[in-house]
Amino acid sequence: MTKNLLNLLFIAFSTFASAQIIGTITDQKNEPLPFVNILVENTYKGTTSNNDGYYELNVTEVKTYNLVYTFLGYKTVKKQVQIDTFPFELNITLEEESVSLDEVVINSEENPADAIIRQAIAKRKENLEKINSFKADFYSRGLIKILDAPEKILGQDVGDLGGNLDSTRTGIIYLSETISKIQYLRPDKLKEKITASKVSGDSNGFSFNNAIDVDYNFYNNTIPFGNEIISPIANNAFGYYRYRLEGVFYDERGNLINKINVIPRRENDPVFSGTIYIVEDQWTIYALELDITGAQARIPAADILSLKQTFSYSEENNVWALISQSLDFKYGLFGFKGDGRFTAVYSNYEFNQPLTKKDFGREIVAFENEANKKDSLFWNKIRPVPLTAEERTDYIKKDSIQLVKESKPYLDSIDAVKNKFKLGDILGYTYQDSQKDIRLGFDIPITDVKFNTIQGYTAKANVFFTKDYDDFNRYFSANANLEYGFSDDRLRATGALTYKFNDTSRRFLTLSGGVQVQQFNSANPINALENSIATLFFEENYMKLYERRFVQLNYSEELFNGFRFYSGVSYENRSALFNTTDQTFYPKRNKEYTSNNPLDPTSASAPFENHNIVKVNVSARINFDQDYLSYPDRKVNLFSEKYPTLVLGYEKGLGATNSNYNFDQIKARLTQSFNIADKGRFRYNLRAGKFFNADDIAFMDFQHFNGNQINVSQRGNYTDVFNNLGYYDLSTNDSYLEMHAEHDFNGFILGKIPLLNKLNFNLVVGAHSLSTPNHKPYQEFTVGLDNIGWGKWRFLRVDYVRSYLGGFQGDAILFGLKFF
């Protein structure tokens with residue numbers, strides 16, 4: 001207690017000592033005003049008040065300053081102050097701005113707000129291009145709180161989330177700050193060097209707040225805000241918004257500011273609602289206060305998100321620049337309710353610098369050395385938005401807790417409690433040594449009890465060991481998986497040893513081996529649960545299996561940015577398997593299970609000759625135009641939507657006991673997914689390949705194509721599956737070309753149809769094609785509805801599928817389930 005009190009006094013003293021101009025900003029009722037912008041006149045040097053209305057402005061010279069206090073809805077205040085000594089206290093009271101329509105000339109033929117917005121749209125591109133480049137200082141603070149947390153989820157105790165929740169089930173779960181230098185070059189180059197990063201309760205942590213993630217420019221037609229959201233001044237804005245002029249007022253420079261209410265035409269469109277302020281004659285954005293629901297942004301957990309931006313005018317450069325931004329949000333999911341805020345402050349702009357594309361590489365975020373080691377004196381001096389009392393308390397509390405949690409006595413006491421074996425641990429137990437970062441245990445998942453006609457009912461057990469190094473950047477893991485088939489009375493086991501070398505190139509080395517049953521299509525086109533239901537309830541045993549005894553070595557690494565290398569070599573013994581049970585819940589007259597021969601399901605013969613073979617796989621994944629974030633201990637890749645991802649591969653079978661089973665295959669895959677403005681999201685997947693010396697190879701080495709015979713899918717999208725094709729109908733050992741394309745209109749069409757738009761469904765269309773030398777071309781066409789459900793629970797998709805193989809083949813209704 002005494003230590004915490006001393007910490008509070010130290011922070012209070014250091015804050016007072018380092019702040020130069022300090023004060024509190026209130027309204028006429030003496031209520032504090034948060035997020036008031038304070039600037040030194042005609043500069044971008046400034047600060048912002050916190051939730052308590054408190055501000056600190058760091059200036060270093062003893063002289064006269066002209067300060068400007070601006071806050072939406074209140075009259076701007078200018079103060080000239082003569083600073084003789086530091087610190088200097090200056091408290092400010094702001095008066096509410098009177099917004100009126102008295103000076104507005106009303107034209108009965110046109111809504112005055114529409115005329116203003118048309119002018120802003122006409123000048124949108126010109127205003128967008130006014131700032132060709134800039135350098136600036138950037139500050140960001142993130143705060144996420146839980147206001148109500150359940151005691152349990154699905155029977156599992158939630159606990160206090162590592163000490164973040166108090167007795168009322170509330171608390172701050174994330175608090176962090178970032179200081180950085182940013183550079184921008186039109187149209188889309190943005191680079192950031194983070195000089196300081198602070199995370200409450202984690203002295204080694206790095207904040208995930210950065211300027212890239214909060215770059216919301218409303219002069220663009222759409223804003224990436226979960227979904228692509230239509231700007232209120234987009235070229236097509238009148239198709240999405242109605243406008244109402246609430247009134248006008250003058251800013252401190254005498255500019256007439258139009259306050260315009262932004263009203264969505266349809267509630268579920270990807271649009272904002274709220275207020276936008278437009279400068280008369282210049283038709284630029286003065287400020288905005290806009291809300292969007294989680295449904296509109298396609299962020300299910302969010303209830304509402306509120307964005308506020310404030311701009312300031314530079315006479316020298318004749319531009320209005322963003323100086324502060326706040327994003328408030330409320331969320332709720334699985335019984336959790338909470339809110340949060342991300343604050344951003346831009347200062348010390350240098351406009352139209354001589355920057356070129358050569359100044360921008362693929363590294364868009366980097367950290368200075370020791371960026372997360374800055375002390376309280378540094379933060380108190382440089383932080384542009386003072387901490388609130390709640391935030392100061394959280395830092396002190398969690399920093400103190402961290403010291404305790406990292407101590408050996410505490411870790412030993414926690415381990416002693418968690419390592420105590422209880423009756424409920426009979427199906428799963430984990431022993432941990434937190435000091436050594438070791439975990440080992442076993443798991444017997446009862447949900448993994450499945451059924452197939454080869455093994456009958458199956459039960460699994462897993463044994464695992466993990467050793468973490470370097471805050472989990474490196475680790476070693478060992479695991480063994482046991483599976484018992486009750487009908488074939490076989491216990492099969494596999495094991496793997498994996499070492500992760502780093503979190504930068506993400507180099508992995510894995511040695512694995514054992515005995516397992518595996519689908520002929522190693523992509524597992526039907527999962528064990530789906531097959532169990534189809535088999536036991538409908539007597540349709542679609543899953544076809546063989547036994548694989550193997551030892552395998554895999555290696556993967558990103559050799560350079562955007563180029564990831566994969567390799568694997570295995571020695572395999574393959575054996576045919578046969579049905580051992582005909583059990584079903586609902587036997588059907590004149591119907592029997594098919595055999596386990598995918599080549600001829602009516603024959604009980606083996607689909608291949610038992611054999612040994614060596615398999616070699618080499619592939620490379622190329623992400624063109626890949627940007628990345630460089631953390632001191634890891635690299636985070638950002639896939640580009642502008643260019644596709646290309647995968648090139650080579651596969652070879654050699655040394656087979658049946659020489660006919662040796663083969664070579666080359667293959668390529670091209671995938672991409674991107675938004676088409678407000679028209680929705682388009683994705684495609686192209687795959688092609690060619691076999692050599694493969695006339696009589698074993699069937700599991702054929703190229704198989706994911707089919708679907710159960711009319712149910714748990715895939716998020718259908719660009720890797722033919723939903724009206726048998727699992728092995730068109731498998732090939734020759735050349736092939738597979739094409740999938742799908743477009744999710746994301747409300748663009750259905751959102752404009754009266755009544756139907758209330759349902760918030762999405763129209764999805766798709767086309768799929770497969771060509772092989774031995775079959776006529778196969779095509780599928782789909783049309784469906786996605787985002788079906790209620791409230792936040794929209795997990796259903798329904799599609800109509802129509803297929804052709806040298807003519808009409810068939811149609812089907814497909815039900816898609818998405819649970820995350």
# chains A, B, ... in the order shown; residues from 1 in each chain; ligands from 1
$ select_by_dssp --residues "stretch 619-743 of chain A" --states "strand (DSSP E or B)" --output "ChimeraX atom specification"
/A:619-623,627-631,634-638,645-654,663-675,681-692,703,712-713,732,736-743
$ residues_around --residues "A:Asp148" --least-positions-apart "5" --cutoff "9 Å" --atoms "only C-alpha atoms" --output "VMD selection string"
chain A and resid 168 to 171 335 to 338
$ write_last_selection --atoms "N, CA, C and O atoms" --output "PDB file, in the first residue's frame"
ATOM      1  N   THR A 168     -16.683  -6.816  -9.056  1.00  0.00           N
ATOM      2  CA  THR A 168     -17.925  -6.509  -9.769  1.00  0.00           C
ATOM      3  C   THR A 168     -17.894  -7.024 -11.208  1.00  0.00           C
ATOM      4  O   THR A 168     -18.789  -6.711 -11.990  1.00  0.00           O
ATOM      5  N   ARG A 169     -16.855  -7.785 -11.549  1.00  0.00           N
ATOM      6  CA  ARG A 169     -16.676  -8.355 -12.898  1.00  0.00           C
ATOM      7  C   ARG A 169     -16.444  -7.261 -13.937  1.00  0.00           C
ATOM      8  O   ARG A 169     -16.886  -7.356 -15.076  1.00  0.00           O
ATOM      9  N   THR A 170     -15.775  -6.195 -13.550  1.00  0.00           N
ATOM     10  CA  THR A 170     -15.419  -5.125 -14.478  1.00  0.00           C
ATOM     11  C   THR A 170     -13.919  -4.871 -14.378  1.00  0.00           C
ATOM     12  O   THR A 170     -13.274  -5.243 -13.384  1.00  0.00           O
ATOM     13  N   GLY A 171     -13.379  -4.202 -15.388  1.00  0.00           N
ATOM     14  CA  GLY A 171     -11.972  -3.840 -15.326  1.00  0.00           C
ATOM     15  C   GLY A 171     -11.403  -3.519 -16.690  1.00  0.00           C
ATOM     16  O   GLY A 171     -12.025  -3.771 -17.728  1.00  0.00           O
ATOM     17  N   GLY A 335     -21.939 -13.086 -23.499  1.00  0.00           N
ATOM     18  CA  GLY A 335     -22.157 -12.620 -22.137  1.00  0.00           C
ATOM     19  C   GLY A 335     -21.217 -11.522 -21.699  1.00  0.00           C
ATOM     20  O   GLY A 335     -21.413 -10.926 -20.629  1.00  0.00           O
ATOM     21  N   PHE A 336     -20.176 -11.234 -22.467  1.00  0.00           N
ATOM     22  CA  PHE A 336     -19.262 -10.133 -22.155  1.00  0.00           C
ATOM     23  C   PHE A 336     -19.834  -8.833 -22.708  1.00  0.00           C
ATOM     24  O   PHE A 336     -20.331  -8.785 -23.833  1.00  0.00           O
ATOM     25  N   LYS A 337     -19.748  -7.782 -21.911  1.00  0.00           N
ATOM     26  CA  LYS A 337     -20.121  -6.448 -22.361  1.00  0.00           C
ATOM     27  C   LYS A 337     -19.013  -5.479 -21.967  1.00  0.00           C
ATOM     28  O   LYS A 337     -18.424  -5.601 -20.896  1.00  0.00           O
ATOM     29  N   GLY A 338     -18.756  -4.535 -22.853  1.00  0.00           N
ATOM     30  CA  GLY A 338     -17.697  -3.591 -22.544  1.00  0.00           C
ATOM     31  C   GLY A 338     -17.664  -2.431 -23.502  1.00  0.00           C
ATOM     32  O   GLY A 338     -18.526  -2.292 -24.378  1.00  0.00           O
TER      33      GLY A 338
END
$ residues_around --residues "A:Arg341" --least-positions-apart "6" --cutoff "12 Å" --atoms "only C-alpha atoms" --output "JSON list (two decimals) with all heavy atoms, in the first residue's frame"
[["chain", "number", "residue", "atom", "x", "y", "z"],
["A", 35, "PHE", "N", -11.25, 15.82, -24.72],
["A", 35, "PHE", "CA", -10.82, 15.88, -26.12],
["A", 35, "PHE", "C", -11.00, 17.26, -26.75],
["A", 35, "PHE", "O", -11.33, 17.40, -27.91],
["A", 35, "PHE", "CB", -11.53, 14.80, -26.95],
["A", 35, "PHE", "CG", -11.17, 13.43, -26.49],
["A", 35, "PHE", "CD1", -12.00, 12.72, -25.64],
["A", 35, "PHE", "CD2", -9.95, 12.87, -26.85],
["A", 35, "PHE", "CE1", -11.63, 11.48, -25.18],
["A", 35, "PHE", "CE2", -9.59, 11.62, -26.40],
["A", 35, "PHE", "CZ", -10.43, 10.92, -25.56],
["A", 50, "ASN", "N", -7.88, 15.26, -21.55],
["A", 50, "ASN", "CA", -8.31, 13.89, -21.32],
["A", 50, "ASN", "C", -9.76, 13.83, -20.87],
["A", 50, "ASN", "O", -10.47, 14.85, -20.89],
["A", 50, "ASN", "CB", -7.37, 13.19, -20.33],
["A", 50, "ASN", "CG", -7.44, 13.79, -18.93],
["A", 50, "ASN", "OD1", -8.37, 14.53, -18.59],
["A", 50, "ASN", "ND2", -6.45, 13.47, -18.11],
["A", 51, "ASN", "N", -10.20, 12.66, -20.44],
["A", 51, "ASN", "CA", -11.61, 12.49, -20.04],
["A", 51, "ASN", "C", -11.99, 13.39, -18.87],
["A", 51, "ASN", "O", -13.17, 13.69, -18.68],
["A", 51, "ASN", "CB", -11.88, 11.03, -19.66],
["A", 51, "ASN", "CG", -12.21, 10.18, -20.87],
["A", 51, "ASN", "OD1", -12.16, 10.66, -21.99],
["A", 51, "ASN", "ND2", -12.55, 8.92, -20.64],
["A", 140, "SER", "N", -0.84, 7.63, -30.01],
["A", 140, "SER", "CA", -2.06, 6.82, -29.94],
["A", 140, "SER", "C", -2.18, 6.19, -28.57],
["A", 140, "SER", "O", -1.17, 5.78, -27.97],
["A", 140, "SER", "CB", -2.04, 5.73, -31.01],
["A", 140, "SER", "OG", -3.17, 4.89, -30.89],
["A", 141, "ARG", "N", -3.40, 6.13, -28.08],
["A", 141, "ARG", "CA", -3.69, 5.43, -26.83],
["A", 141, "ARG", "C", -4.89, 4.52, -27.03],
["A", 141, "ARG", "O", -5.90, 4.92, -27.62],
["A", 141, "ARG", "CB", -3.98, 6.40, -25.70],
["A", 141, "ARG", "CG", -4.24, 5.71, -24.34],
["A", 141, "ARG", "CD", -4.67, 6.69, -23.27],
["A", 141, "ARG", "NE", -3.66, 7.74, -23.12],
["A", 141, "ARG", "CZ", -3.88, 8.88, -22.49],
["A", 141, "ARG", "NH1", -5.06, 9.15, -21.97],
["A", 141, "ARG", "NH2", -2.92, 9.78, -22.40],
["A", 142, "GLY", "N", -4.77, 3.28, -26.58],
["A", 142, "GLY", "CA", -5.86, 2.33, -26.68],
["A", 142, "GLY", "C", -6.33, 1.90, -25.31],
["A", 142, "GLY", "O", -5.51, 1.62, -24.42],
["A", 143, "LEU", "N", -7.64, 1.85, -25.13],
["A", 143, "LEU", "CA", -8.22, 1.45, -23.85],
["A", 143, "LEU", "C", -9.41, 0.54, -24.13],
["A", 143, "LEU", "O", -10.33, 0.92, -24.88],
["A", 143, "LEU", "CB", -8.68, 2.68, -23.06],
["A", 143, "LEU", "CG", -9.44, 2.42, -21.75],
["A", 143, "LEU", "CD1", -8.49, 1.86, -20.69],
["A", 143, "LEU", "CD2", -10.11, 3.69, -21.24],
["A", 144, "ILE", "N", -9.39, -0.67, -23.58],
["A", 144, "ILE", "CA", -10.51, -1.60, -23.72],
["A", 144, "ILE", "C", -10.93, -2.04, -22.32],
["A", 144, "ILE", "O", -10.10, -2.49, -21.52],
["A", 144, "ILE", "CB", -10.14, -2.81, -24.57],
["A", 144, "ILE", "CG1", -9.66, -2.37, -25.96],
["A", 144, "ILE", "CG2", -11.34, -3.75, -24.72],
["A", 144, "ILE", "CD1", -9.18, -3.51, -26.83],
["A", 145, "LYS", "N", -12.21, -1.93, -22.05],
["A", 145, "LYS", "CA", -12.74, -2.26, -20.72],
["A", 145, "LYS", "C", -13.83, -3.32, -20.82],
["A", 145, "LYS", "O", -14.56, -3.37, -21.81],
["A", 145, "LYS", "CB", -13.31, -1.00, -20.04],
["A", 145, "LYS", "CG", -12.30, 0.10, -19.80],
["A", 145, "LYS", "CD", -12.96, 1.40, -19.40],
["A", 145, "LYS", "CE", -13.75, 1.28, -18.12],
["A", 145, "LYS", "NZ", -14.30, 2.60, -17.69],
["A", 172, "ILE", "N", -10.21, -2.92, -16.68],
["A", 172, "ILE", "CA", -9.48, -2.61, -17.92],
["A", 172, "ILE", "C", -8.70, -3.85, -18.34],
["A", 172, "ILE", "O", -7.91, -4.38, -17.56],
["A", 172, "ILE", "CB", -8.53, -1.42, -17.70],
["A", 172, "ILE", "CG1", -9.33, -0.15, -17.40],
["A", 172, "ILE", "CG2", -7.64, -1.21, -18.92],
["A", 172, "ILE", "CD1", -8.46, 1.06, -17.06],
["A", 174, "TYR", "N", -7.09, -3.87, -21.50],
["A", 174, "TYR", "CA", -6.02, -3.43, -22.38],
["A", 174, "TYR", "C", -5.85, -1.93, -22.28],
["A", 174, "TYR", "O", -6.81, -1.18, -22.40],
["A", 174, "TYR", "CB", -6.33, -3.81, -23.84],
["A", 174, "TYR", "CG", -5.28, -3.33, -24.83],
["A", 174, "TYR", "CD1", -4.07, -4.00, -24.95],
["A", 174, "TYR", "CD2", -5.50, -2.22, -25.63],
["A", 174, "TYR", "CE1", -3.10, -3.57, -25.85],
["A", 174, "TYR", "CE2", -4.53, -1.78, -26.54],
["A", 174, "TYR", "CZ", -3.34, -2.46, -26.64],
["A", 174, "TYR", "OH", -2.38, -2.02, -27.52],
["A", 175, "LEU", "N", -4.62, -1.50, -22.00],
["A", 175, "LEU", "CA", -4.28, -0.08, -21.97],
["A", 175, "LEU", "C", -2.86, 0.05, -22.52],
["A", 175, "LEU", "O", -1.94, -0.60, -22.02],
["A", 175, "LEU", "CB", -4.34, 0.48, -20.55],
["A", 175, "LEU", "CG", -3.79, 1.89, -20.34],
["A", 175, "LEU", "CD1", -4.58, 2.92, -21.15],
["A", 175, "LEU", "CD2", -3.81, 2.28, -18.86],
["A", 176, "SER", "N", -2.71, 0.84, -23.55],
["A", 176, "SER", "CA", -1.38, 0.99, -24.15],
["A", 176, "SER", "C", -1.25, 2.35, -24.82],
["A", 176, "SER", "O", -2.25, 3.01, -25.13],
["A", 176, "SER", "CB", -1.11, -0.12, -25.17],
["A", 176, "SER", "OG", -1.89, 0.09, -26.34],
["A", 177, "GLU", "N", 0.01, 2.73, -25.08],
["A", 177, "GLU", "CA", 0.31, 4.01, -25.74],
["A", 177, "GLU", "C", 1.43, 3.82, -26.75],
["A", 177, "GLU", "O", 2.29, 2.95, -26.59],
["A", 177, "GLU", "CB", 0.73, 5.05, -24.71],
["A", 177, "GLU", "CG", -0.33, 5.39, -23.68],
["A", 177, "GLU", "CD", 0.19, 6.33, -22.62],
["A", 177, "GLU", "OE1", 0.77, 5.83, -21.63],
["A", 177, "GLU", "OE2", 0.05, 7.55, -22.79],
["A", 209, "ASN", "N", -1.25, -0.53, -31.15],
["A", 209, "ASN", "CA", -1.75, 0.72, -31.72],
["A", 209, "ASN", "C", -0.75, 1.23, -32.75],
["A", 209, "ASN", "O", 0.44, 1.34, -32.46],
["A", 209, "ASN", "CB", -1.89, 1.82, -30.66],
["A", 209, "ASN", "CG", -2.59, 1.34, -29.41],
["A", 209, "ASN", "OD1", -3.24, 0.32, -29.40],
["A", 209, "ASN", "ND2", -2.44, 2.09, -28.34],
["A", 304, "ILE", "N", -21.84, -0.60, -31.34],
["A", 304, "ILE", "CA", -21.75, 0.67, -32.07],
["A", 304, "ILE", "C", -20.32, 1.19, -31.98],
["A", 304, "ILE", "O", -19.63, 0.97, -30.98],
["A", 304, "ILE", "CB", -22.75, 1.71, -31.51],
["A", 304, "ILE", "CG1", -22.85, 2.92, -32.44],
["A", 304, "ILE", "CG2", -22.39, 2.11, -30.09],
["A", 304, "ILE", "CD1", -24.04, 3.80, -32.16],
["A", 305, "LEU", "N", -19.89, 1.84, -33.06],
["A", 305, "LEU", "CA", -18.58, 2.48, -33.10],
["A", 305, "LEU", "C", -18.79, 3.95, -33.45],
["A", 305, "LEU", "O", -19.57, 4.27, -34.35],
["A", 305, "LEU", "CB", -17.67, 1.83, -34.15],
["A", 305, "LEU", "CG", -17.40, 0.34, -33.97],
["A", 305, "LEU", "CD1", -18.31, -0.47, -34.90],
["A", 305, "LEU", "CD2", -15.94, 0.00, -34.29],
["A", 306, "SER", "N", -18.12, 4.83, -32.73],
["A", 306, "SER", "CA", -18.28, 6.27, -32.92],
["A", 306, "SER", "C", -16.93, 6.89, -33.24],
["A", 306, "SER", "O", -15.98, 6.78, -32.45],
["A", 306, "SER", "CB", -18.86, 6.92, -31.65],
["A", 306, "SER", "OG", -20.11, 6.36, -31.32],
["A", 307, "LEU", "N", -16.86, 7.53, -34.39],
["A", 307, "LEU", "CA", -15.62, 8.14, -34.85],
["A", 307, "LEU", "C", -15.74, 9.65, -34.84],
["A", 307, "LEU", "O", -16.72, 10.20, -35.34],
["A", 307, "LEU", "CB", -15.29, 7.66, -36.27],
["A", 307, "LEU", "CG", -13.99, 8.19, -36.89],
["A", 307, "LEU", "CD1", -12.77, 7.63, -36.15],
["A", 307, "LEU", "CD2", -13.92, 7.85, -38.37],
["A", 308, "LYS", "N", -14.73, 10.28, -34.29],
["A", 308, "LYS", "CA", -14.70, 11.75, -34.24],
["A", 308, "LYS", "C", -13.36, 12.22, -34.79],
["A", 308, "LYS", "O", -12.30, 11.75, -34.35],
["A", 308, "LYS", "CB", -14.89, 12.24, -32.81],
["A", 308, "LYS", "CG", -14.91, 13.76, -32.65],
["A", 308, "LYS", "CD", -15.18, 14.15, -31.20],
["A", 308, "LYS", "CE", -15.17, 15.65, -31.01],
["A", 308, "LYS", "NZ", -15.45, 16.04, -29.61],
["A", 325, "GLN", "N", -8.21, 12.45, -33.42],
["A", 325, "GLN", "CA", -9.21, 11.45, -33.80],
["A", 325, "GLN", "C", -9.49, 10.55, -32.61],
["A", 325, "GLN", "O", -8.57, 10.15, -31.89],
["A", 325, "GLN", "CB", -8.69, 10.62, -34.97],
["A", 325, "GLN", "CG", -9.58, 9.48, -35.40],
["A", 325, "GLN", "CD", -9.02, 8.77, -36.61],
["A", 325, "GLN", "OE1", -9.11, 9.23, -37.74],
["A", 325, "GLN", "NE2", -8.40, 7.60, -36.38],
["A", 326, "SER", "N", -10.73, 10.23, -32.39],
["A", 326, "SER", "CA", -11.09, 9.27, -31.35],
["A", 326, "SER", "C", -12.08, 8.28, -31.91],
["A", 326, "SER", "O", -12.98, 8.64, -32.68],
["A", 326, "SER", "CB", -11.67, 9.97, -30.12],
["A", 326, "SER", "OG", -12.89, 10.62, -30.44],
["A", 327, "LEU", "N", -11.89, 7.02, -31.55],
["A", 327, "LEU", "CA", -12.79, 5.95, -31.94],
["A", 327, "LEU", "C", -13.31, 5.28, -30.68],
["A", 327, "LEU", "O", -12.57, 4.59, -29.98],
["A", 327, "LEU", "CB", -12.08, 4.94, -32.83],
["A", 327, "LEU", "CG", -12.88, 3.69, -33.20],
["A", 327, "LEU", "CD1", -14.12, 4.07, -34.01],
["A", 327, "LEU", "CD2", -12.02, 2.71, -34.00],
["A", 328, "ASP", "N", -14.57, 5.53, -30.36],
["A", 328, "ASP", "CA", -15.21, 4.91, -29.21],
["A", 328, "ASP", "C", -16.05, 3.73, -29.69],
["A", 328, "ASP", "O", -16.63, 3.77, -30.78],
["A", 328, "ASP", "CB", -16.10, 5.91, -28.49],
["A", 328, "ASP", "CG", -15.30, 7.02, -27.83],
["A", 328, "ASP", "OD1", -14.92, 7.98, -28.54],
["A", 328, "ASP", "OD2", -15.06, 6.93, -26.62],
["A", 329, "PHE", "N", -16.15, 2.71, -28.86],
["A", 329, "PHE", "CA", -16.94, 1.55, -29.27],
["A", 329, "PHE", "C", -17.54, 0.86, -28.04],
["A", 329, "PHE", "O", -17.03, 0.96, -26.92],
["A", 329, "PHE", "CB", -16.08, 0.56, -30.05],
["A", 329, "PHE", "CG", -14.85, 0.07, -29.32],
["A", 329, "PHE", "CD1", -14.88, -1.06, -28.52],
["A", 329, "PHE", "CD2", -13.66, 0.77, -29.43],
["A", 329, "PHE", "CE1", -13.76, -1.49, -27.85],
["A", 329, "PHE", "CE2", -12.52, 0.34, -28.77],
["A", 329, "PHE", "CZ", -12.56, -0.79, -27.96],
["A", 330, "LYS", "N", -18.66, 0.19, -28.29],
["A", 330, "LYS", "CA", -19.29, -0.68, -27.30],
["A", 330, "LYS", "C", -19.44, -2.05, -27.93],
["A", 330, "LYS", "O", -19.73, -2.16, -29.12],
["A", 330, "LYS", "CB", -20.65, -0.12, -26.87],
["A", 330, "LYS", "CG", -20.57, 1.20, -26.13],
["A", 330, "LYS", "CD", -21.95, 1.69, -25.70],
["A", 330, "LYS", "CE", -21.85, 3.00, -24.94],
["A", 330, "LYS", "NZ", -23.19, 3.50, -24.51],
["A", 331, "TYR", "N", -19.26, -3.08, -27.12],
["A", 331, "TYR", "CA", -19.31, -4.43, -27.66],
["A", 331, "TYR", "C", -20.02, -5.36, -26.70],
["A", 331, "TYR", "O", -20.19, -5.07, -25.51],
["A", 331, "TYR", "CB", -17.89, -4.96, -27.95],
["A", 331, "TYR", "CG", -17.04, -5.16, -26.71],
["A", 331, "TYR", "CD1", -17.04, -6.36, -26.02],
["A", 331, "TYR", "CD2", -16.24, -4.13, -26.21],
["A", 331, "TYR", "CE1", -16.27, -6.54, -24.88],
["A", 331, "TYR", "CE2", -15.47, -4.29, -25.08],
["A", 331, "TYR", "CZ", -15.49, -5.51, -24.42],
["A", 331, "TYR", "OH", -14.73, -5.68, -23.29]]
$ closest_residue --among "A:Pro777, A:Gly653, A:Pro264, A:Pro601" --to "A:Ile613" --atoms "only C-alpha atoms"
A:Gly653
$ closest_residue --among "A:Glu530, A:Gly332, A:Arg548, A:Asp489" --to "A:Asn708" --atoms "only C-alpha atoms"
A:Glu530
$ residues_around --residues "stretch 759-767 of chain A" --least-positions-apart "3" --cutoff "6 Å" --atoms "only C-alpha atoms" --output "list in words"
Ala741, Glu742, His743, Asp744, Phe745, Asn746, Gly747, Leu756, Glu780, Phe781, Thr782, Val783, Gly784, Leu785, Asp786, Asn787 and Ile788 of chain A
$ residues_around --residues "A:Asn473" --least-positions-apart "2" --cutoff "8 Å" --atoms "only C-alpha atoms" --output "PDB file with N, CA and C atoms, in the first residue's frame"
ATOM      1  N   ASP A 468       8.716 -23.365 -23.947  1.00  0.00           N
ATOM      2  CA  ASP A 468       8.775 -22.059 -24.599  1.00  0.00           C
ATOM      3  C   ASP A 468      10.078 -21.355 -24.262  1.00  0.00           C
ATOM      4  N   TYR A 469      10.590 -20.614 -25.256  1.00  0.00           N
ATOM      5  CA  TYR A 469      11.794 -19.812 -25.083  1.00  0.00           C
ATOM      6  C   TYR A 469      11.507 -18.387 -25.536  1.00  0.00           C
ATOM      7  N   ASP A 470      12.235 -17.425 -25.001  1.00  0.00           N
ATOM      8  CA  ASP A 470      12.213 -16.040 -25.507  1.00  0.00           C
ATOM      9  C   ASP A 470      10.792 -15.487 -25.609  1.00  0.00           C
ATOM     10  N   ASP A 471      10.034 -15.560 -24.543  1.00  0.00           N
ATOM     11  CA  ASP A 471       8.656 -15.049 -24.576  1.00  0.00           C
ATOM     12  C   ASP A 471       7.864 -15.666 -25.731  1.00  0.00           C
ATOM     13  N   TYR A 475      10.013 -22.215 -29.575  1.00  0.00           N
ATOM     14  CA  TYR A 475       9.476 -23.251 -28.708  1.00  0.00           C
ATOM     15  C   TYR A 475       9.823 -24.627 -29.260  1.00  0.00           C
ATOM     16  N   LYS A 500      10.346 -24.472 -33.342  1.00  0.00           N
ATOM     17  CA  LYS A 500      10.196 -23.180 -34.005  1.00  0.00           C
ATOM     18  C   LYS A 500      11.420 -22.345 -33.667  1.00  0.00           C
ATOM     19  N   PHE A 501      12.135 -21.882 -34.703  1.00  0.00           N
ATOM     20  CA  PHE A 501      13.410 -21.213 -34.504  1.00  0.00           C
ATOM     21  C   PHE A 501      13.262 -19.735 -34.154  1.00  0.00           C
ATOM     22  N   ASN A 502      12.258 -19.063 -34.715  1.00  0.00           N
ATOM     23  CA  ASN A 502      12.101 -17.633 -34.451  1.00  0.00           C
ATOM     24  C   ASN A 502      10.708 -17.199 -34.898  1.00  0.00           C
ATOM     25  N   ASP A 503      10.389 -15.946 -34.619  1.00  0.00           N
ATOM     26  CA  ASP A 503       9.099 -15.389 -35.010  1.00  0.00           C
ATOM     27  C   ASP A 503       9.275 -14.331 -36.097  1.00  0.00           C
ATOM     28  N   ASP A 633      10.981  -8.460 -31.889  1.00  0.00           N
ATOM     29  CA  ASP A 633      11.070  -9.903 -31.719  1.00  0.00           C
ATOM     30  C   ASP A 633      10.244 -10.692 -32.735  1.00  0.00           C
ATOM     31  N   ARG A 634       9.628 -10.022 -33.679  1.00  0.00           N
ATOM     32  CA  ARG A 634       8.815 -10.758 -34.642  1.00  0.00           C
ATOM     33  C   ARG A 634       8.510  -9.895 -35.863  1.00  0.00           C
TER      34      ARG A 634
END
$ closest_residue --among "A:Ser347, A:Ser400, A:Thr453, A:Thr76" --to "A:Tyr250" --atoms "only C-alpha atoms"
A:Thr76
$ residues_around --residues "A:Pro386" --least-positions-apart "2" --cutoff "9 Å" --atoms "only C-alpha atoms" --output "PyMOL selection string"
chain A and resi 15+47-51+54-56+380+383-384+388
$ closest_residue --among "A:Val463, A:Val40, A:Ala113, A:Leu577" --to "A:Lys79" --atoms "only C-alpha atoms"
A:Val40
$ residues_around --residues "A:Ser640" --least-positions-apart "2" --cutoff "7 Å" --atoms "only C-alpha atoms" --output "PyMOL selection string"
chain A and resi 625-626+638+642-643
